[in-house]
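Enquirer: What follows is a single structure, and I will ask about it in a moment.
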Amino acid sequence: LREFRSLRFTAKELRSGAGWPEIRSSGLTQFGVLRRNCSVSEATVSESDGATEYLHFADKIAFDGWFLVTGKGAAANDAVKFVLEGSNDNATWTTVAISCECGSWSADTPAPEHHMLPVFPIPTARQSVVRFNFVRNECVFPDVTFVITQWILALVSIC
């Protein structure tokens, strides 16, 4: 589990090809944290600053995944390269996740520069909820491992 008082989502590239720092909006309507694939905080974005969205919590919140909801504007404005960071003091930020399709990147290694980030296939349907968990799947068969992981999580947790 990871624990932070604040989370920061930053869009680094949009589906349209626009890149950071020219991005004026993240394209998100919502993001939050998960524990055992269940929403811990159904919070709307509490603060927005162009390409960056923030969530702040009164206390540290433990989580093992996170989600985002698309739909702010046209599908061309969805973030396809992004970074999620956490902080306990809003001064020092730790990279929690990047736009990987599976667990090929670990928070124990430095995140690549924004131009080297992998592209994540964000759904084009508006108001789509996209869930991420921190289970380390290998990228050999990402679709199969994702389905198996989701099935196991559904068996062991009831929201």
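Order determines the names: the first chain of the structure tokens is A, the second B, and so forth; residues in each chain are numbered 1 upward, and ligands are numbered 1 upward as they are shown.
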Set the distance at 10 Å and use only C-alpha atoms: which residues neighbour segment 53-59 of chain A once local chain neighbours fewer than 3 positions away are removed? I'd like the list as number ranges by chain.
Expert: A: 3-11, 25-33, 41, 43-50, 62, 84-88, 90
Enquirer: If I take atom CA of Gly73 of chain A and atom CA of Asn37 of chain A, how far is one from the other in Å, to one decimal?
Expert: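 That distance, rounded to one decimal, is 26.8 Å.
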Enquirer: By how many Å are atom CA of Ala125 of chain A and atom CA of Arg35 of chain A apart?
Expert: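 Value for the atom CA of Ala125 of chain A-atom CA of Arg35 of chain A distance: 25.0 Å.
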Enquirer: Within 12 Å of segment 12-20 of chain A, counting only C-alpha atoms, which residues show up once you throw out same-chain ones fewer than 2 positions away? Write them as JSON, numbers by chain, please.
Expert: {"A": [9, 10, 22, 23, 24, 25, 26, 27, 28, 50, 51, 52, 70, 73, 74, 75, 76, 77, 78, 79, 80, 81, 82, 83, 84, 98, 99, 112, 113, 114, 115, 116, 117, 118, 119, 120, 121, 122, 123, 124]}
Enquirer: Do you know which residues are at most 12 Å from Leu1 of chain A counting only C-alpha atoms, after dropping those on the same chain fewer than 6 positions away, and could you put them as a list of chain:residue names?
Expert: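 Using only C-alpha atoms, the neighbours found are A:Val33, A:Leu34, A:Arg35, A:Arg36, A:Lys60, A:Ile61, A:Ala62, A:Phe63, A:Asp64, A:Gly65, A:Trp66, A:Val96, A:Asn133, A:Phe134, A:Val135.
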Enquirer: For a quick check of understanding, using only C-alpha atoms, which of A:Arg2, A:Phe67, A:Asp89, A:Lys72 has the smallest distance to Gln127 of chain A?
Expert: A:Lys72
